[in-house]
Amino acid sequence: MYDFKYQKAASVADAAKVIGADGEAKLVAGGMTLIPTLKQRLAKPSALIDLGGIAELKGIRREGNAIVIGAMTKHVDVANSPEVKSAIPALAELASHIGDPAVRNRGTIGGSIANNDPAADYPSAVVALNATVITNKRKIAADDFFKALFETALGSDEIVTAVSFPIPEKAAYMKFPNPASRYAIVGTFVAKTGGNVRVGVTGAGPCVFRWKEAEAALGKSWNGDALKNLSVKADGLNSDIHASSEYRAHLIGVMARRAVAKAG
Amino acid sequence: MSAIGQPISRTDGSLKVTGRARYTGDIRVSGAVHAALVQSTIASGRIASIDTSAAEEAGVLGVFSYRNLPRMNPTPKPWSHLHPHGQGYLPLQDDKIHYAGQPIAMVVASKLDQAVQAATLIKVHYEVAQPVVFDADTTRAAIDPPQFLWPVASSVGDADKGIAAAAVKIAETYATPDRHHNQMEPHATTAMWDADGSLTLYDTTQHLYGARELIAMVLGIPVDKITIMCEFLGGGFGGKAYVWPHTLLAILAAKAVRRPVRLQLTRAQMYSMVGHQAATIQTIALGADNGGKLTGIRHESISPAPVFDNYIEYAALSSRSLWAASGGIATNHKIVHVNRNTPTAMRSPHEALGHFALESAMDELAYATGIDPIELRLVNDTATDPHSGRPFSTRAMRKCLIEGAARFGWESRSPTPRSMREGRHLISEGTAAEIYTHWRWPAKARVTINGDGSALVETGSHDLGTGTYTVMRQVAADTLGVAPEKVTVRLGDTRLPPSHASIGSATMANAGASVLLAAESARDKAIRLALTGRDAPFTRGQGADIRVAEGTLTLAHSNVSISYGDLLARNGLPNLVAEADYDPVPEHEGPKAIFSFSAVFAEVRVDPELGIVRLNRFVGAYDAGRIINPKTARSQAIGGIIWGVGQVLLEQSETDPTLGRFLNRNYSGYLVPTNADIPELDILFVGDFDEEASPLGAKGLGELTAVSVAPAIANAVFHATGKRIRRLPISLEKLM
């Protein structure tokens, strides 16, 4: 690690002010990606602004027909939340399988989506549930939030404060985990909300994406068999020592069919 | 009650679970300082310039490169199991780069962090050459290597003629990947010099005396000035039998800085600083008649070796002796020189690679002839070693196959591929047989009977985590006629009577024999004393009728007895000491061919949508001669099966084809089985006392158990899916 300054932000406004003024400063939420990155000297921020002390960023509440989760809410708290478990059990289940217990007890939903790791679990749920990402400046639709590999729509002094998930009629997440890290080699989140079907795919490409052919097919018939004749092209998908792009393309279909079966 | 044959728990179990067992890296030496390595980032070329000035100014004790490290003597050649082995290219001796991760500089500092930090300040510029890697192109230029363990080629009869005339033929190519040992315990050395020029080492080694001899030769130190200790090893698997460059570097650094130096490899460094298992590409041709009887076997293997050493993976070795073939058997090995560090033995070297090919091919033959795989093996069983023409000392292959199959429930198997299902999973069963080399090596031991009735066993053997302390105690306890708790065992120190390397599953049969003979000698001394010593309780002529049990010598059919303690006290002796020198003729010079055998059976389930293979259950039937401790033996078998599951389904050291370096240098990239991958394992021992193998009747076991897990599971995968995977590991995508 290189030397850096550390500051615990008192409020979102306070944190935004610091990163607005210092382009080299970085926000730290759970630090589950950032701290290893620093240890490997892959980043050299001037300062770390810790969001951990800001009470307004924590907590889960129901707002009408949505579940709103504060950005600094840990994965373990989403997994164990009675509100999430009763309203969107698929989301609680997704959170319960992120990484390992250490990661789930430190990592946060805001940190995960702001980082936009191509193999992170949450982005698939944000996209499939058509969630709204709430920041200190605006509300961003899921489809507009995730841009590219580790890139989001967030501006330089913009901070995720919460994510609002509409409650679906049916939803399920299936992932094929990396055997060591439990990151998604491929994770597919299927959801039917207000009659609309959305399918979010993570792990497979450089950034989470929607499998629109599957959405159309499932819109006509909510049944795994509706996907039997669909396939995803391997071109442009991730390929590494754990899985080739062809295998990932194949996994998208299998995980989607199994997710639909699981959602019932 | 006899201790031998009892499932006694490890005597060192509580030391290990409470953290009191002293592993090399944990031993603190007063005043010890730390070494950190700089490794080459290229795989071939030379160091054009190396700037160590910033590191030297960082408050460290020493910075070393080829420019200032003392020169060493060449390593001895050729290697053998009884003589020292070490990588032929020695560290920091010249500006050449022969492999990625080659050590090129070393920093020594008071604190490890300081050494690691200073090592990052060393600037190296290279002249880069294109590395040679092992691939389809370079294997075309494979050469015939000189012999180092067994003869490189063999031919009995005329294999090709036998195959050509056969009714049924199989000819296929099989491949196994590079693999790394990945012991839990990293390699570590702490080196200390005394003022009189004597050297003491704590070293992670499974070959104390080989290490001592090699270090003496390479560094020009008299053998009697070197002491090496290794009380416990956290896994060896063959990877700690050679002397690797870090040990030599720690010794030279300690001399230069005049302080004890500790050097422990990181996990990533263990991929290039120490050996690995080299890949193989094997071709097999089998010929058989319509009844499945083999008429010929040809088995050839090509493996990579470094540009400076001629290491051979003897993958075709197994085909020399496993099955009879009426026409003949021919084997051969070739190597390709590549930019790599030196490979080494990795459980189970040679055999576990060759059996994957041979026993997969036998399964292919079973399908080609329509003969049940068990029946096919029974048909080709032989009481005579086809290679040497000698009878086998013992060969319970038939028992392994029949009793193993019965335990497994083989008869209910439906032979057609894809014919057994359970929900969305395909269920299947596969089998394979195996043969494993038995070694007869010399070993010495000393046994002392103390005045309090306790006994001490001393031998320079090793405990790799296998239970050597426990089984040696059992052997001595039974022989001396004392309770096991009365026996203390000391291992792992070159000041003890010399023993052989703990490799090749040889420790029980050979080091164990030396303990048996030393204990017999100590007991006989006590008997003589009881016959002829002061106030002797027995009279001459009664020697043959004296029995020892519970620490007491008793004349048969009488109530005359004396305890060891009373006997020693009566004679004014503090103890009785006896040494033994077990010096058997080498196996290949003996009248019988000695091998261990087994048959193993796997049931797997395959998720056909994902290509995931899971082991449902596994039965292993083993002929390893007499079993000294069924509990530690079972643990060995469990470990071997798990090791084989890694080989067949998960393990693969990936090489960057352009840069020539290993890529997945950690446990997250290099996968090994976890508890969740392993079901209940059922172990049977079906062997009998083998007097040719050892005075203890034991044959080799540890390596045997990892030999044919891969073909058994690969054969089961074929049975499940109809896909024959001939290139390990059977990763998910290969079944798509």
# chains A, B, ... in the order shown; residues from 1 in each chain; ligands from 1
>>> closest_atom_pairs(of="chain A", to="chain B", cutoff="8 Å", atoms="only C-alpha atoms", output="JSON lines")
{"residue": "A:Pro179", "atom": "CA", "partner": "B:Ser668", "partner_atom": "CA", "distance": 7.9}
{"residue": "A:Ala180", "atom": "CA", "partner": "B:Ser668", "partner_atom": "CA", "distance": 5.0}
{"residue": "A:Ser181", "atom": "CA", "partner": "B:Ser668", "partner_atom": "CA", "distance": 6.9}
{"residue": "A:Ile241", "atom": "CA", "partner": "B:Gly669", "partner_atom": "CA", "distance": 7.8}
{"residue": "A:Ala243", "atom": "CA", "partner": "B:Glu733", "partner_atom": "CA", "distance": 7.4}
{"residue": "A:Ser244", "atom": "CA", "partner": "B:Glu733", "partner_atom": "CA", "distance": 7.8}
{"residue": "A:Tyr247", "atom": "CA", "partner": "B:Glu733", "partner_atom": "CA", "distance": 6.2}
{"residue": "A:Leu251", "atom": "CA", "partner": "B:Leu610", "partner_atom": "CA", "distance": 7.2}
{"residue": "A:Val254", "atom": "CA", "partner": "B:Glu609", "partner_atom": "CA", "distance": 6.9}
>>> write_last_selection(atoms="N, CA, C and O atoms", output="PDB file, in the first residue's frame")
ATOM      1  N   PRO A 179     -15.452 -21.295  -7.976  1.00  0.00           N
ATOM      2  CA  PRO A 179     -15.309 -22.205  -6.841  1.00  0.00           C
ATOM      3  C   PRO A 179     -14.475 -21.629  -5.700  1.00  0.00           C
ATOM      4  O   PRO A 179     -14.601 -22.065  -4.562  1.00  0.00           O
ATOM      5  N   ALA A 180     -13.629 -20.675  -5.962  1.00  0.00           N
ATOM      6  CA  ALA A 180     -12.807 -20.115  -4.882  1.00  0.00           C
ATOM      7  C   ALA A 180     -13.424 -18.833  -4.328  1.00  0.00           C
ATOM      8  O   ALA A 180     -13.646 -18.708  -3.133  1.00  0.00           O
ATOM      9  N   SER A 181     -13.726 -17.871  -5.175  1.00  0.00           N
ATOM     10  CA  SER A 181     -14.155 -16.550  -4.684  1.00  0.00           C
ATOM     11  C   SER A 181     -15.660 -16.447  -4.489  1.00  0.00           C
ATOM     12  O   SER A 181     -16.118 -15.560  -3.786  1.00  0.00           O
ATOM     13  N   ILE A 241      -9.467 -18.746 -17.121  1.00  0.00           N
ATOM     14  CA  ILE A 241      -9.104 -20.144 -16.854  1.00  0.00           C
ATOM     15  C   ILE A 241     -10.251 -20.923 -16.218  1.00  0.00           C
ATOM     16  O   ILE A 241     -10.233 -22.140 -16.217  1.00  0.00           O
ATOM     17  N   ALA A 243     -13.629 -20.496 -17.086  1.00  0.00           N
ATOM     18  CA  ALA A 243     -14.704 -20.745 -18.048  1.00  0.00           C
ATOM     19  C   ALA A 243     -14.439 -19.967 -19.334  1.00  0.00           C
ATOM     20  O   ALA A 243     -14.106 -18.781 -19.281  1.00  0.00           O
ATOM     21  N   SER A 244     -14.618 -20.634 -20.459  1.00  0.00           N
ATOM     22  CA  SER A 244     -14.486 -19.966 -21.753  1.00  0.00           C
ATOM     23  C   SER A 244     -15.741 -19.147 -22.023  1.00  0.00           C
ATOM     24  O   SER A 244     -16.769 -19.315 -21.355  1.00  0.00           O
ATOM     25  N   TYR A 247     -18.604 -21.452 -22.819  1.00  0.00           N
ATOM     26  CA  TYR A 247     -19.225 -22.077 -21.655  1.00  0.00           C
ATOM     27  C   TYR A 247     -20.099 -21.057 -20.919  1.00  0.00           C
ATOM     28  O   TYR A 247     -21.196 -21.375 -20.454  1.00  0.00           O
ATOM     29  N   LEU A 251     -23.960 -21.219 -20.018  1.00  0.00           N
ATOM     30  CA  LEU A 251     -24.435 -21.083 -18.632  1.00  0.00           C
ATOM     31  C   LEU A 251     -25.587 -20.093 -18.509  1.00  0.00           C
ATOM     32  O   LEU A 251     -26.476 -20.275 -17.671  1.00  0.00           O
ATOM     33  N   VAL A 254     -28.721 -21.984 -19.100  1.00  0.00           N
ATOM     34  CA  VAL A 254     -29.041 -22.957 -18.045  1.00  0.00           C
ATOM     35  C   VAL A 254     -29.466 -22.233 -16.769  1.00  0.00           C
ATOM     36  O   VAL A 254     -30.461 -22.598 -16.123  1.00  0.00           O
TER      37      VAL A 254
END
>>> select_by_dssp(residues="region 288-528 of chain B", states="strand (DSSP E or B)", output="CSV table (one decimal) with C-alpha atoms, in the first residue's frame")
chain,number,residue,atom,x,y,z
B,288,ALA,CA,-6.5,-58.1,-27.7
B,294,LEU,CA,-4.1,-58.7,-24.4
B,295,THR,CA,-1.8,-59.6,-27.3
B,296,GLY,CA,0.4,-56.5,-27.1
B,297,ILE,CA,0.8,-53.2,-25.3
B,298,ARG,CA,2.8,-50.2,-26.6
B,299,HIS,CA,3.0,-47.2,-24.3
B,300,GLU,CA,5.0,-44.0,-25.0
B,301,SER,CA,5.2,-40.7,-23.2
B,302,ILE,CA,6.6,-37.3,-23.9
B,303,SER,CA,7.1,-34.8,-21.1
B,304,PRO,CA,8.9,-31.4,-20.7
B,305,ALA,CA,12.1,-31.0,-18.8
B,306,PRO,CA,14.1,-27.8,-18.2
B,328,GLY,CA,4.9,-58.4,-26.0
B,329,ILE,CA,5.1,-55.0,-24.2
B,330,ALA,CA,7.1,-52.0,-25.4
B,331,THR,CA,7.5,-48.7,-23.6
B,332,ASN,CA,9.5,-45.5,-24.2
B,333,HIS,CA,9.9,-42.0,-22.8
B,334,LYS,CA,11.0,-38.8,-24.5
B,335,ILE,CA,11.5,-35.3,-23.2
B,336,VAL,CA,11.4,-31.8,-24.6
B,337,HIS,CA,13.7,-29.1,-23.2
B,338,VAL,CA,11.7,-26.1,-22.2
B,384,THR,CA,4.7,-63.3,-13.3
B,391,PRO,CA,7.2,-64.2,-10.1
B,392,PHE,CA,5.5,-61.6,-8.0
B,421,ARG,CA,-30.2,-41.6,-14.1
B,422,GLU,CA,-31.3,-39.9,-10.9
B,425,HIS,CA,-28.2,-36.3,-13.1
B,426,LEU,CA,-26.6,-39.1,-15.0
B,427,ILE,CA,-25.3,-41.7,-12.6
B,428,SER,CA,-22.4,-44.0,-13.5
B,429,GLU,CA,-19.8,-46.4,-12.3
B,430,GLY,CA,-16.2,-46.8,-13.3
B,431,THR,CA,-13.3,-48.9,-12.2
B,432,ALA,CA,-9.5,-49.1,-12.6
B,433,ALA,CA,-6.8,-51.3,-11.3
B,434,GLU,CA,-3.3,-50.3,-10.3
B,435,ILE,CA,0.2,-51.4,-9.6
B,436,TYR,CA,2.8,-49.5,-7.6
B,437,THR,CA,6.6,-49.9,-7.4
B,443,ALA,CA,18.0,-47.7,6.8
B,444,LYS,CA,19.5,-47.6,10.3
B,445,ALA,CA,17.8,-47.3,13.6
B,446,ARG,CA,18.7,-47.3,17.3
B,447,VAL,CA,16.5,-48.6,20.1
B,448,THR,CA,17.2,-48.0,23.8
B,449,ILE,CA,15.5,-49.8,26.7
B,450,ASN,CA,15.6,-47.6,29.8
B,455,ALA,CA,12.0,-47.3,25.4
B,456,LEU,CA,13.4,-44.8,22.9
B,457,VAL,CA,13.4,-45.3,19.1
B,458,GLU,CA,15.8,-43.1,17.1
B,460,GLY,CA,16.6,-40.3,10.8
B,487,VAL,CA,7.9,-46.0,23.6
B,488,THR,CA,9.1,-42.6,22.5
B,489,VAL,CA,10.1,-42.0,18.9
B,490,ARG,CA,12.6,-39.5,17.6
B,493,ASP,CA,17.5,-35.1,12.7
B,498,PRO,CA,20.7,-42.4,8.9
>>> atom_distance(atom1="CA of Ala698 (chain B)", atom2="CA of Ala509 (chain B)")
5.3 Å
>>> residues_around(residues="region 521-532 of chain B", least_positions_apart="2", cutoff="9 Å", atoms="only C-alpha atoms", output="number ranges by chain")
B: 446-449, 479-481, 516-519, 534-543, 546-548, 553, 562, 564, 567-568, 571, 576-580
>>> write_last_selection(atoms="N, CA and C atoms", output="compact mmCIF listing (two decimals), in the first residue's frame")
# COMPACT_ATOMS: atom_id res chain seq x y z
N ARG B 446 18.17 -47.01 16.02
CA ARG B 446 18.70 -47.32 17.34
C ARG B 446 17.53 -47.41 18.30
N VAL B 447 17.56 -48.45 19.13
CA VAL B 447 16.50 -48.60 20.14
C VAL B 447 17.17 -48.73 21.51
N THR B 448 16.67 -47.97 22.46
CA THR B 448 17.21 -47.97 23.81
C THR B 448 16.11 -48.41 24.78
N ILE B 449 16.45 -49.40 25.63
CA ILE B 449 15.54 -49.78 26.73
C ILE B 449 16.07 -49.10 27.99
N THR B 479 7.79 -55.53 19.42
CA THR B 479 9.04 -56.28 19.37
C THR B 479 9.68 -56.34 20.74
N LEU B 480 9.61 -55.24 21.48
CA LEU B 480 10.20 -55.21 22.83
C LEU B 480 9.28 -55.84 23.86
N GLY B 481 8.01 -55.98 23.53
CA GLY B 481 7.06 -56.47 24.51
C GLY B 481 6.75 -55.42 25.57
N LEU B 516 12.36 -52.38 13.52
CA LEU B 516 12.07 -53.77 13.93
C LEU B 516 13.37 -54.48 14.31
N LEU B 517 14.38 -54.37 13.45
CA LEU B 517 15.64 -55.09 13.71
C LEU B 517 16.35 -54.53 14.93
N ALA B 518 16.33 -53.21 15.11
CA ALA B 518 16.98 -52.61 16.28
C ALA B 518 16.28 -53.03 17.56
N ALA B 519 14.95 -53.08 17.50
CA ALA B 519 14.18 -53.48 18.69
C ALA B 519 14.42 -54.96 19.00
N ARG B 534 24.38 -60.72 35.92
CA ARG B 534 24.47 -60.86 37.37
C ARG B 534 23.15 -61.41 37.94
N ASP B 535 23.24 -62.39 38.81
CA ASP B 535 22.05 -63.02 39.40
C ASP B 535 21.01 -63.36 38.33
N ALA B 536 21.48 -63.96 37.25
CA ALA B 536 20.59 -64.22 36.12
C ALA B 536 19.39 -65.07 36.53
N PRO B 537 18.16 -64.62 36.23
CA PRO B 537 16.98 -65.38 36.63
C PRO B 537 16.78 -66.65 35.80
N PHE B 538 17.35 -66.64 34.61
CA PHE B 538 17.18 -67.80 33.73
C PHE B 538 18.54 -68.46 33.53
N THR B 539 18.50 -69.69 33.05
CA THR B 539 19.75 -70.39 32.83
C THR B 539 19.94 -70.67 31.36
N ARG B 540 21.21 -70.83 30.98
CA ARG B 540 21.55 -71.10 29.57
C ARG B 540 20.71 -72.23 29.03
N GLY B 541 20.33 -72.11 27.78
CA GLY B 541 19.49 -73.14 27.18
C GLY B 541 18.03 -72.79 27.23
N GLN B 542 17.68 -71.81 28.06
CA GLN B 542 16.26 -71.45 28.17
C GLN B 542 15.90 -70.27 27.24
N GLY B 543 16.94 -69.74 26.55
CA GLY B 543 16.73 -68.52 25.76
C GLY B 543 15.54 -68.59 24.83
N ILE B 546 12.07 -67.86 26.32
CA ILE B 546 11.77 -66.61 27.04
C ILE B 546 10.88 -65.71 26.18
N ARG B 547 9.79 -65.25 26.79
CA ARG B 547 8.86 -64.35 26.10
C ARG B 547 8.91 -63.00 26.79
N VAL B 548 8.70 -61.94 26.00
CA VAL B 548 8.59 -60.62 26.63
C VAL B 548 7.19 -60.05 26.37
N LEU B 553 10.24 -60.10 31.08
CA LEU B 553 10.71 -61.32 30.43
C LEU B 553 10.24 -62.50 31.28
N ILE B 562 11.25 -61.46 35.02
CA ILE B 562 11.94 -60.26 35.49
C ILE B 562 11.60 -59.11 34.54
N TYR B 564 12.18 -55.47 32.56
CA TYR B 564 13.36 -54.80 31.99
C TYR B 564 14.04 -53.93 33.05
N LEU B 567 15.92 -55.98 35.59
CA LEU B 567 17.08 -56.61 34.94
C LEU B 567 18.23 -55.62 34.81
N LEU B 568 17.90 -54.39 34.38
CA LEU B 568 18.94 -53.37 34.23
C LEU B 568 19.50 -52.99 35.59
N ASN B 571 21.89 -55.43 37.04
CA ASN B 571 23.18 -55.43 36.38
C ASN B 571 23.89 -54.08 36.43
N LEU B 576 19.92 -50.23 27.93
CA LEU B 576 20.46 -51.17 26.93
C LEU B 576 20.25 -50.52 25.56
N VAL B 577 21.29 -50.44 24.78
CA VAL B 577 21.19 -49.78 23.49
C VAL B 577 21.52 -50.78 22.38
N ALA B 578 20.74 -50.77 21.32
CA ALA B 578 21.04 -51.64 20.18
C ALA B 578 20.79 -50.87 18.89
N GLU B 579 21.65 -51.09 17.93
CA GLU B 579 21.48 -50.44 16.62
C GLU B 579 21.26 -51.51 15.57
N ALA B 580 20.59 -51.12 14.50
CA ALA B 580 20.39 -52.06 13.39
C ALA B 580 20.66 -51.36 12.08
>>> closest_residue(among="B:Ala35, B:Ala352, B:Ile730, B:Val475", to="Thr705 (chain B)", atoms="only C-alpha atoms")
B:Ala352
>>> atom_distance(atom1="CA of Phe64 (chain B)", atom2="CA of Met106 (chain B)")
5.1 Å
>>> select_by_dssp(residues="region 129-257 of chain A", states="alpha helix (DSSP H)", output="ChimeraX atom specification")
/A:142-145,212-220,245-257
>>> closest_residue(among="A:Asp235, A:Glu151, A:Asp143, A:Glu158", to="Gly20 (chain A)", atoms="only C-alpha atoms")
A:Glu158
>>> residues_around(residues="region 201-218 of chain A", least_positions_apart="3", cutoff="7 Å", atoms="only C-alpha atoms", output="ChimeraX atom specification")
/A:118-121,123-124,148-149,184-189,197-198,221-223,226-227,236-238,248
>>> residues_around(residues="region 592-598 of chain B", least_positions_apart="5", cutoff="10 Å", atoms="only C-alpha atoms", output="PyMOL selection string")
chain B and resi 321-322+383-401+404+432-440+587+620-625+684-687+690+692-693+698-701+703-705+707-708
>>> residues_around(residues="Glu56 (chain B)", least_positions_apart="5", cutoff="10 Å", atoms="only C-alpha atoms", output="number ranges by chain")
B: 51, 61-64, 107-108, 118-119, 121-122
>>> write_last_selection(atoms="N, CA and C atoms", output="PDB file, in the first residue's frame")
ATOM      1  N   ASP B  51      20.526  -3.225 -11.028  1.00  0.00           N
ATOM      2  CA  ASP B  51      20.920  -2.104 -10.180  1.00  0.00           C
ATOM      3  C   ASP B  51      20.395  -2.357  -8.775  1.00  0.00           C
ATOM      4  N   LEU B  61      20.911  -5.784   5.516  1.00  0.00           N
ATOM      5  CA  LEU B  61      22.163  -6.430   5.925  1.00  0.00           C
ATOM      6  C   LEU B  61      22.959  -6.948   4.731  1.00  0.00           C
ATOM      7  N   GLY B  62      22.274  -7.224   3.648  1.00  0.00           N
ATOM      8  CA  GLY B  62      22.996  -7.727   2.483  1.00  0.00           C
ATOM      9  C   GLY B  62      22.099  -7.787   1.269  1.00  0.00           C
ATOM     10  N   VAL B  63      22.691  -7.521   0.108  1.00  0.00           N
ATOM     11  CA  VAL B  63      21.978  -7.653  -1.160  1.00  0.00           C
ATOM     12  C   VAL B  63      22.831  -8.532  -2.056  1.00  0.00           C
ATOM     13  N   PHE B  64      22.226  -9.555  -2.622  1.00  0.00           N
ATOM     14  CA  PHE B  64      22.999 -10.540  -3.385  1.00  0.00           C
ATOM     15  C   PHE B  64      22.428 -10.703  -4.786  1.00  0.00           C
ATOM     16  N   VAL B 107      17.603 -10.190  -0.858  1.00  0.00           N
ATOM     17  CA  VAL B 107      17.891  -9.149   0.129  1.00  0.00           C
ATOM     18  C   VAL B 107      17.745  -9.760   1.513  1.00  0.00           C
ATOM     19  N   VAL B 108      18.686  -9.459   2.384  1.00  0.00           N
ATOM     20  CA  VAL B 108      18.602  -9.922   3.767  1.00  0.00           C
ATOM     21  C   VAL B 108      18.492  -8.704   4.674  1.00  0.00           C
ATOM     22  N   ALA B 118      12.801  -3.748   0.323  1.00  0.00           N
ATOM     23  CA  ALA B 118      14.072  -3.434  -0.351  1.00  0.00           C
ATOM     24  C   ALA B 118      14.187  -4.230  -1.655  1.00  0.00           C
ATOM     25  N   ALA B 119      13.648  -5.451  -1.656  1.00  0.00           N
ATOM     26  CA  ALA B 119      13.722  -6.270  -2.878  1.00  0.00           C
ATOM     27  C   ALA B 119      12.989  -5.594  -4.035  1.00  0.00           C
ATOM     28  N   LEU B 121      13.109  -2.575  -4.709  1.00  0.00           N
ATOM     29  CA  LEU B 121      13.912  -1.448  -5.202  1.00  0.00           C
ATOM     30  C   LEU B 121      14.974  -1.880  -6.210  1.00  0.00           C
ATOM     31  N   ILE B 122      15.122  -3.187  -6.380  1.00  0.00           N
ATOM     32  CA  ILE B 122      16.146  -3.683  -7.311  1.00  0.00           C
ATOM     33  C   ILE B 122      15.623  -3.565  -8.745  1.00  0.00           C
TER      34      ILE B 122
END
>>> closest_atom_pairs(of="region 153-176 of chain A", to="region 81-99 of chain A", cutoff="12 Å", atoms="only C-alpha atoms", output="CSV")
residue,atom,partner,partner_atom,distance
A:Ser164,CA,A:Val84,CA,11.6
A:Phe165,CA,A:Ile88,CA,8.7
A:Pro166,CA,A:Ile88,CA,8.9
A:Ile167,CA,A:Ala87,CA,6.2
A:Pro168,CA,A:Ile88,CA,7.0
A:Glu169,CA,A:Ile88,CA,8.8
A:Lys170,CA,A:Ile88,CA,8.4
A:Ala171,CA,A:Ala90,CA,5.9
A:Ala172,CA,A:Ala90,CA,4.8
A:Tyr173,CA,A:Ala90,CA,6.0
A:Met174,CA,A:Leu94,CA,8.2
A:Lys175,CA,A:Leu94,CA,8.8
A:Phe176,CA,A:His97,CA,10.9
>>> write_last_selection(atoms="N, CA, C and O atoms", output="PDB file, in the first residue's frame")
ATOM      1  N   SER A 164     -33.736   1.550  -4.733  1.00  0.00           N
ATOM      2  CA  SER A 164     -35.159   1.241  -4.532  1.00  0.00           C
ATOM      3  C   SER A 164     -35.562   0.125  -5.489  1.00  0.00           C
ATOM      4  O   SER A 164     -35.455   0.268  -6.710  1.00  0.00           O
ATOM      5  N   PHE A 165     -35.983  -0.992  -4.908  1.00  0.00           N
ATOM      6  CA  PHE A 165     -36.341  -2.167  -5.708  1.00  0.00           C
ATOM      7  C   PHE A 165     -37.859  -2.325  -5.728  1.00  0.00           C
ATOM      8  O   PHE A 165     -38.457  -2.603  -4.679  1.00  0.00           O
ATOM      9  N   PRO A 166     -38.501  -2.185  -6.890  1.00  0.00           N
ATOM     10  CA  PRO A 166     -39.935  -2.505  -6.964  1.00  0.00           C
ATOM     11  C   PRO A 166     -40.156  -3.970  -6.602  1.00  0.00           C
ATOM     12  O   PRO A 166     -39.336  -4.820  -6.962  1.00  0.00           O
ATOM     13  N   ILE A 167     -41.258  -4.231  -5.920  1.00  0.00           N
ATOM     14  CA  ILE A 167     -41.507  -5.610  -5.485  1.00  0.00           C
ATOM     15  C   ILE A 167     -42.100  -6.400  -6.653  1.00  0.00           C
ATOM     16  O   ILE A 167     -43.120  -6.011  -7.209  1.00  0.00           O
ATOM     17  N   PRO A 168     -41.442  -7.493  -7.037  1.00  0.00           N
ATOM     18  CA  PRO A 168     -41.903  -8.254  -8.213  1.00  0.00           C
ATOM     19  C   PRO A 168     -42.980  -9.264  -7.822  1.00  0.00           C
ATOM     20  O   PRO A 168     -43.168  -9.575  -6.653  1.00  0.00           O
ATOM     21  N   GLU A 169     -43.652  -9.777  -8.834  1.00  0.00           N
ATOM     22  CA  GLU A 169     -44.572 -10.890  -8.597  1.00  0.00           C
ATOM     23  C   GLU A 169     -43.779 -12.175  -8.405  1.00  0.00           C
ATOM     24  O   GLU A 169     -44.075 -12.992  -7.549  1.00  0.00           O
ATOM     25  N   LYS A 170     -42.787 -12.319  -9.267  1.00  0.00           N
ATOM     26  CA  LYS A 170     -41.943 -13.512  -9.201  1.00  0.00           C
ATOM     27  C   LYS A 170     -40.509 -13.109  -9.486  1.00  0.00           C
ATOM     28  O   LYS A 170     -40.284 -12.240 -10.355  1.00  0.00           O
ATOM     29  N   ALA A 171     -39.589 -13.739  -8.793  1.00  0.00           N
ATOM     30  CA  ALA A 171     -38.181 -13.451  -9.092  1.00  0.00           C
ATOM     31  C   ALA A 171     -37.311 -14.577  -8.548  1.00  0.00           C
ATOM     32  O   ALA A 171     -37.685 -15.238  -7.566  1.00  0.00           O
ATOM     33  N   ALA A 172     -36.200 -14.799  -9.187  1.00  0.00           N
ATOM     34  CA  ALA A 172     -35.210 -15.743  -8.655  1.00  0.00           C
ATOM     35  C   ALA A 172     -33.844 -15.461  -9.271  1.00  0.00           C
ATOM     36  O   ALA A 172     -33.748 -14.913 -10.383  1.00  0.00           O
ATOM     37  N   TYR A 173     -32.826 -15.823  -8.521  1.00  0.00           N
ATOM     38  CA  TYR A 173     -31.440 -15.638  -8.973  1.00  0.00           C
ATOM     39  C   TYR A 173     -30.750 -16.987  -8.931  1.00  0.00           C
ATOM     40  O   TYR A 173     -30.866 -17.727  -7.956  1.00  0.00           O
ATOM     41  N   MET A 174     -30.061 -17.317 -10.019  1.00  0.00           N
ATOM     42  CA  MET A 174     -29.243 -18.536 -10.036  1.00  0.00           C
ATOM     43  C   MET A 174     -27.856 -18.136 -10.485  1.00  0.00           C
ATOM     44  O   MET A 174     -27.694 -17.439 -11.488  1.00  0.00           O
ATOM     45  N   LYS A 175     -26.876 -18.579  -9.717  1.00  0.00           N
ATOM     46  CA  LYS A 175     -25.520 -18.285 -10.190  1.00  0.00           C
ATOM     47  C   LYS A 175     -24.667 -19.536 -10.211  1.00  0.00           C
ATOM     48  O   LYS A 175     -24.885 -20.480  -9.441  1.00  0.00           O
ATOM     49  N   PHE A 176     -23.727 -19.500 -11.102  1.00  0.00           N
ATOM     50  CA  PHE A 176     -22.692 -20.523 -11.154  1.00  0.00           C
ATOM     51  C   PHE A 176     -21.478 -19.852 -10.555  1.00  0.00           C
ATOM     52  O   PHE A 176     -20.854 -19.002 -11.181  1.00  0.00           O
TER      53      PHE A 176
END
